[in-house]
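The structure under discussion appears below in the form of structure tokens.
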Amino acid sequence: QVQLVESGGGLVHPGGTMRLSCAASGFTIELYEMSWFRQAPGAEREMVARSINFGGRNEYADSVKGRFTISRDRTKNTVYLQMDSLKPEDTGVYYCFARKSGVGNYWGQGTQVTVSL
């Protein structure tokens, strides 16, 4: 059974840091494009970071470049999103997403991140 389980969300002050984890089961992330999306209240879901492959090719939304870092741990079959210098506009539900052309797409259940004083 394919499953993505996010963790690590919560409340953080502006300027703070947070690391999200996405533990995958039922497939190996090595074969998939892995991404983090977020959805703010009243807004559409947007991609914030994408890991194309284990070769290190990553892409980021302009709003998070230089502050967020996506990474993978092959041994733990887990994807991470390190978030630094957090801003109130980073608040939202963060979702892990796995995609493999010709196979399928999978979403996690999401984890809430709130950046506030």
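By order in the structure tokens, chains are A, B, ...; within a chain, residues start at 1; ligands start at 1, following the order shown.
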| request: Just list the residues in chain A DSSP gives helix (DSSP H, G or I) on the backbone, as a list of chain:residue names. | output: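 Here are the helix (DSSP H, G or I) residues of chain A: A:Ile29, A:Glu30, A:Leu31, A:Pro88, A:Glu89, A:Asp90.
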The selected residues should be written to file as a PDB file, in the first residue's frame (atoms: all heavy atoms).
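New file part-v5.pdb:
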ATOM      1  N   ILE A  29      11.372   6.018  -3.085  1.00  0.00           N
ATOM      2  CA  ILE A  29      11.401   7.399  -3.581  1.00  0.00           C
ATOM      3  C   ILE A  29      12.505   7.604  -4.607  1.00  0.00           C
ATOM      4  O   ILE A  29      12.472   8.568  -5.366  1.00  0.00           O
ATOM      5  CB  ILE A  29      11.566   8.406  -2.426  1.00  0.00           C
ATOM      6  CG1 ILE A  29      12.918   8.215  -1.717  1.00  0.00           C
ATOM      7  CG2 ILE A  29      10.401   8.305  -1.459  1.00  0.00           C
ATOM      8  CD1 ILE A  29      13.231   9.316  -0.724  1.00  0.00           C
ATOM      9  N   GLU A  30      13.469   6.700  -4.634  1.00  0.00           N
ATOM     10  CA  GLU A  30      14.583   6.838  -5.565  1.00  0.00           C
ATOM     11  C   GLU A  30      14.100   6.875  -7.016  1.00  0.00           C
ATOM     12  O   GLU A  30      14.741   7.468  -7.874  1.00  0.00           O
ATOM     13  CB  GLU A  30      15.564   5.692  -5.358  1.00  0.00           C
ATOM     14  CG  GLU A  30      16.839   5.794  -6.163  1.00  0.00           C
ATOM     15  CD  GLU A  30      17.871   4.773  -5.740  1.00  0.00           C
ATOM     16  OE1 GLU A  30      17.580   3.990  -4.829  1.00  0.00           O
ATOM     17  OE2 GLU A  30      18.961   4.764  -6.329  1.00  0.00           O
ATOM     18  N   LEU A  31      12.948   6.233  -7.262  1.00  0.00           N
ATOM     19  CA  LEU A  31      12.438   6.125  -8.623  1.00  0.00           C
ATOM     20  C   LEU A  31      11.433   7.224  -8.962  1.00  0.00           C
ATOM     21  O   LEU A  31      10.899   7.239 -10.076  1.00  0.00           O
ATOM     22  CB  LEU A  31      11.790   4.755  -8.816  1.00  0.00           C
ATOM     23  CG  LEU A  31      12.691   3.554  -8.532  1.00  0.00           C
ATOM     24  CD1 LEU A  31      11.896   2.252  -8.704  1.00  0.00           C
ATOM     25  CD2 LEU A  31      13.901   3.563  -9.457  1.00  0.00           C
ATOM     26  N   PRO A  88       5.572  34.995   7.810  1.00  0.00           N
ATOM     27  CA  PRO A  88       4.147  34.708   7.999  1.00  0.00           C
ATOM     28  C   PRO A  88       3.465  34.202   6.725  1.00  0.00           C
ATOM     29  O   PRO A  88       2.554  33.364   6.800  1.00  0.00           O
ATOM     30  CB  PRO A  88       3.590  36.071   8.428  1.00  0.00           C
ATOM     31  CG  PRO A  88       4.728  36.734   9.123  1.00  0.00           C
ATOM     32  CD  PRO A  88       5.944  36.313   8.350  1.00  0.00           C
ATOM     33  N   GLU A  89       3.938  34.661   5.568  1.00  0.00           N
ATOM     34  CA  GLU A  89       3.331  34.204   4.315  1.00  0.00           C
ATOM     35  C   GLU A  89       3.688  32.772   3.954  1.00  0.00           C
ATOM     36  O   GLU A  89       3.173  32.229   2.974  1.00  0.00           O
ATOM     37  CB  GLU A  89       3.709  35.142   3.154  1.00  0.00           C
ATOM     38  CG  GLU A  89       5.198  35.404   3.023  1.00  0.00           C
ATOM     39  CD  GLU A  89       5.600  36.714   3.694  1.00  0.00           C
ATOM     40  OE1 GLU A  89       5.132  36.974   4.822  1.00  0.00           O
ATOM     41  OE2 GLU A  89       6.409  37.453   3.090  1.00  0.00           O
ATOM     42  N   ASP A  90       4.556  32.142   4.738  1.00  0.00           N
ATOM     43  CA  ASP A  90       4.834  30.715   4.547  1.00  0.00           C
ATOM     44  C   ASP A  90       3.793  29.830   5.229  1.00  0.00           C
ATOM     45  O   ASP A  90       3.819  28.602   5.090  1.00  0.00           O
ATOM     46  CB  ASP A  90       6.219  30.368   5.102  1.00  0.00           C
ATOM     47  CG  ASP A  90       7.346  31.024   4.331  1.00  0.00           C
ATOM     48  OD1 ASP A  90       7.267  31.062   3.088  1.00  0.00           O
ATOM     49  OD2 ASP A  90       8.312  31.497   4.982  1.00  0.00           O
TER      50      ASP A  90
END
| request: Please provide as a list in words all residues within 7 Å of A:Gly26, with the sequence filter that same-chain residues fewer than 3 positions apart are discarded (counting only C-alpha atoms). | output: Gln1, Val2 and Gln3 of chain A
Selection file, N, CA, C and O atoms, as a PDB file, in the first residue's frame:
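The resulting file, again_24.pdb, is reproduced below:
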ATOM      1  N   GLN A   1       0.841  -1.183   0.000  1.00  0.00           N
ATOM      2  CA  GLN A   1       0.000   0.000   0.000  1.00  0.00           C
ATOM      3  C   GLN A   1       0.883   1.242   0.000  1.00  0.00           C
ATOM      4  O   GLN A   1       1.740   1.397   0.857  1.00  0.00           O
ATOM      5  N   VAL A   2       0.649   2.112  -0.966  1.00  0.00           N
ATOM      6  CA  VAL A   2       1.436   3.333  -1.075  1.00  0.00           C
ATOM      7  C   VAL A   2       0.957   4.351  -0.052  1.00  0.00           C
ATOM      8  O   VAL A   2      -0.243   4.583   0.104  1.00  0.00           O
ATOM      9  N   GLN A   3       1.913   4.945   0.635  1.00  0.00           N
ATOM     10  CA  GLN A   3       1.558   5.926   1.653  1.00  0.00           C
ATOM     11  C   GLN A   3       2.661   6.965   1.791  1.00  0.00           C
ATOM     12  O   GLN A   3       3.850   6.630   1.716  1.00  0.00           O
TER      13      GLN A   3
END
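Here atom CA of A:Arg50 stands at a distance of 18.1 Å from atom CA of A:Val103.
With only C-alpha atoms as the basis for measurement, A:Thr91 is the residue among A:Ser101, A:Ser7, A:Ser25, A:Thr91 that approaches A:Pro41 most closely.
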| Residues within 6 Å of stretch 95-98 of chain A, only C-alpha atoms, excluding chain neighbours under 3 positions, as a list in words | Glu33, Met34, Ser35, Trp36, Phe37, Arg38, Asn105, Tyr106, Trp107, Gly108 and Gly110 of chain A
At a cut-off of 8 Å, using only C-alpha atoms, what residues contact stretch 12-14 of chain A? Leave out same-chain residues fewer than 4 positions from it and give the result as a PDB file with N, CA, C and O atoms, in the first residue's frame.
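Saved the output as result.pdb:
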ATOM      1  N   MET A  18      12.250  25.312  10.591  1.00  0.00           N
ATOM      2  CA  MET A  18      11.436  24.118  10.772  1.00  0.00           C
ATOM      3  C   MET A  18      11.834  23.116   9.710  1.00  0.00           C
ATOM      4  O   MET A  18      12.163  23.510   8.585  1.00  0.00           O
ATOM      5  N   SER A  85      14.490  31.025   7.913  1.00  0.00           N
ATOM      6  CA  SER A  85      14.026  32.412   7.776  1.00  0.00           C
ATOM      7  C   SER A  85      12.545  32.467   7.428  1.00  0.00           C
ATOM      8  O   SER A  85      12.132  33.150   6.484  1.00  0.00           O
ATOM      9  N   LEU A  86      11.759  31.759   8.189  1.00  0.00           N
ATOM     10  CA  LEU A  86      10.331  31.644   7.879  1.00  0.00           C
ATOM     11  C   LEU A  86       9.618  32.980   8.027  1.00  0.00           C
ATOM     12  O   LEU A  86       9.953  33.807   8.894  1.00  0.00           O
ATOM     13  N   LYS A  87       8.625  33.157   7.167  1.00  0.00           N
ATOM     14  CA  LYS A  87       7.835  34.378   7.127  1.00  0.00           C
ATOM     15  C   LYS A  87       6.364  34.039   7.357  1.00  0.00           C
ATOM     16  O   LYS A  87       5.936  32.906   7.083  1.00  0.00           O
ATOM     17  N   PRO A  88       5.572  34.995   7.810  1.00  0.00           N
ATOM     18  CA  PRO A  88       4.147  34.708   7.999  1.00  0.00           C
ATOM     19  C   PRO A  88       3.465  34.202   6.725  1.00  0.00           C
ATOM     20  O   PRO A  88       2.554  33.364   6.800  1.00  0.00           O
ATOM     21  N   VAL A 113       1.666  24.261   8.924  1.00  0.00           N
ATOM     22  CA  VAL A 113       2.768  25.125   9.347  1.00  0.00           C
ATOM     23  C   VAL A 113       2.191  26.519   9.565  1.00  0.00           C
ATOM     24  O   VAL A 113       1.571  27.083   8.671  1.00  0.00           O
ATOM     25  N   THR A 114       2.402  27.047  10.745  1.00  0.00           N
ATOM     26  CA  THR A 114       1.924  28.386  11.066  1.00  0.00           C
ATOM     27  C   THR A 114       3.099  29.235  11.521  1.00  0.00           C
ATOM     28  O   THR A 114       3.812  28.867  12.467  1.00  0.00           O
ATOM     29  N   VAL A 115       3.305  30.353  10.830  1.00  0.00           N
ATOM     30  CA  VAL A 115       4.396  31.271  11.166  1.00  0.00           C
ATOM     31  C   VAL A 115       3.754  32.537  11.744  1.00  0.00           C
ATOM     32  O   VAL A 115       3.111  33.294  11.010  1.00  0.00           O
ATOM     33  N   SER A 116       3.935  32.736  13.028  1.00  0.00           N
ATOM     34  CA  SER A 116       3.247  33.839  13.694  1.00  0.00           C
ATOM     35  C   SER A 116       3.946  34.180  15.000  1.00  0.00           C
ATOM     36  O   SER A 116       4.623  33.341  15.599  1.00  0.00           O
ATOM     37  N   LEU A 117       3.744  35.410  15.454  1.00  0.00           N
ATOM     38  CA  LEU A 117       4.314  35.838  16.739  1.00  0.00           C
ATOM     39  C   LEU A 117       3.540  35.201  17.884  1.00  0.00           C
ATOM     40  O   LEU A 117       2.383  34.912  17.787  1.00  0.00           O
TER      41      LEU A 117
END
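Atom CA of A:Gly56 sits 17.7 Å away from atom CA of A:Ser21.
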| task | Please give the complete set of residues from chain A that DSSP, run on the backbone, assigns to strand (DSSP E), formatted as a VMD selection string. | result | chain A and resid 3 to 7 10 to 12 18 to 25 33 to 39 46 to 51 58 to 60 68 to 73 78 to 83 92 to 100 104 to 107 111 to 115
| atom CA of A:Glu46 to atom CA of A:Arg74, distance in Å rounded to a single decimal | 25.5 Å
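Proximity ranking of A:Thr28, A:Arg72, A:Lys65, A:Ala40 relative to A:Lys100 places A:Thr28 first, based on only C-alpha atoms.
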| task | Tell me which protein, DNA and RNA residues are within 9 Å of A:Ile70, counting only C-alpha atoms, leaving out same-chain ones fewer than 3 positions away, and put them as a PyMOL selection string. | result | chain A and resi 35-36+49-51+58-60+79-83
Print the selection's residues with N, CA and C atoms to a file, as a short mmCIF file (atom, residue, chain, number, x, y, z; two decimals), in the first residue's frame.
data_model
loop_
_atom_site.label_atom_id
_atom_site.label_comp_id
_atom_site.auth_asym_id
_atom_site.auth_seq_id
_atom_site.Cartn_x
_atom_site.Cartn_y
_atom_site.Cartn_z
N SER A 35 8.13 16.13 -4.42
CA SER A 35 7.90 17.56 -4.29
C SER A 35 7.20 17.89 -2.99
N TRP A 36 7.31 19.14 -2.60
CA TRP A 36 6.52 19.71 -1.52
C TRP A 36 5.64 20.82 -2.10
N ALA A 49 8.90 23.24 -3.64
CA ALA A 49 10.20 22.63 -3.86
C ALA A 49 10.02 21.28 -4.55
N ARG A 50 10.94 20.98 -5.47
CA ARG A 50 10.85 19.73 -6.23
C ARG A 50 12.23 19.12 -6.35
N SER A 51 12.31 17.83 -6.07
CA SER A 51 13.53 17.07 -6.25
C SER A 51 13.33 16.17 -7.45
N ASN A 58 17.29 20.14 -8.20
CA ASN A 58 16.13 20.62 -7.46
C ASN A 58 15.59 21.92 -8.05
N GLU A 59 14.32 22.16 -7.82
CA GLU A 59 13.69 23.39 -8.26
C GLU A 59 12.91 23.99 -7.09
N TYR A 60 12.84 25.31 -7.06
CA TYR A 60 12.15 26.00 -5.98
C TYR A 60 11.29 27.13 -6.52
N VAL A 79 11.74 12.08 2.44
CA VAL A 79 12.07 13.37 1.84
C VAL A 79 11.90 14.44 2.92
N TYR A 80 12.77 15.44 2.89
CA TYR A 80 12.74 16.49 3.88
C TYR A 80 12.57 17.86 3.22
N LEU A 81 12.02 18.79 3.98
CA LEU A 81 11.99 20.18 3.55
C LEU A 81 12.50 21.01 4.72
N GLN A 82 13.72 21.52 4.57
CA GLN A 82 14.30 22.40 5.58
C GLN A 82 13.87 23.81 5.26
N MET A 83 13.24 24.46 6.22
CA MET A 83 12.71 25.81 6.01
C MET A 83 13.38 26.76 6.98
#
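Remark: for A:Ala24, the closest of the candidate residues A:Arg99, A:Arg57, A:Lys76, A:Arg67 is A:Lys76 (distances computed over only C-alpha atoms).
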| query | If we count only C-alpha atoms, what is near A:Gln112 at a cut-off of 8 Å, once residues fewer than 5 positions away on the same chain are taken out, given as a list of chain:residue names? | reply |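 Contacts, with the query itself left out: A:Gly9, A:Gly10, A:Thr91, A:Gly92, A:Val93, A:Tyr94.
Among the candidates A:Gly66, A:Gln109, A:Ser71, A:Asp84, the residue lying nearest to A:Asn53 is A:Ser71 (atoms considered: only C-alpha atoms).
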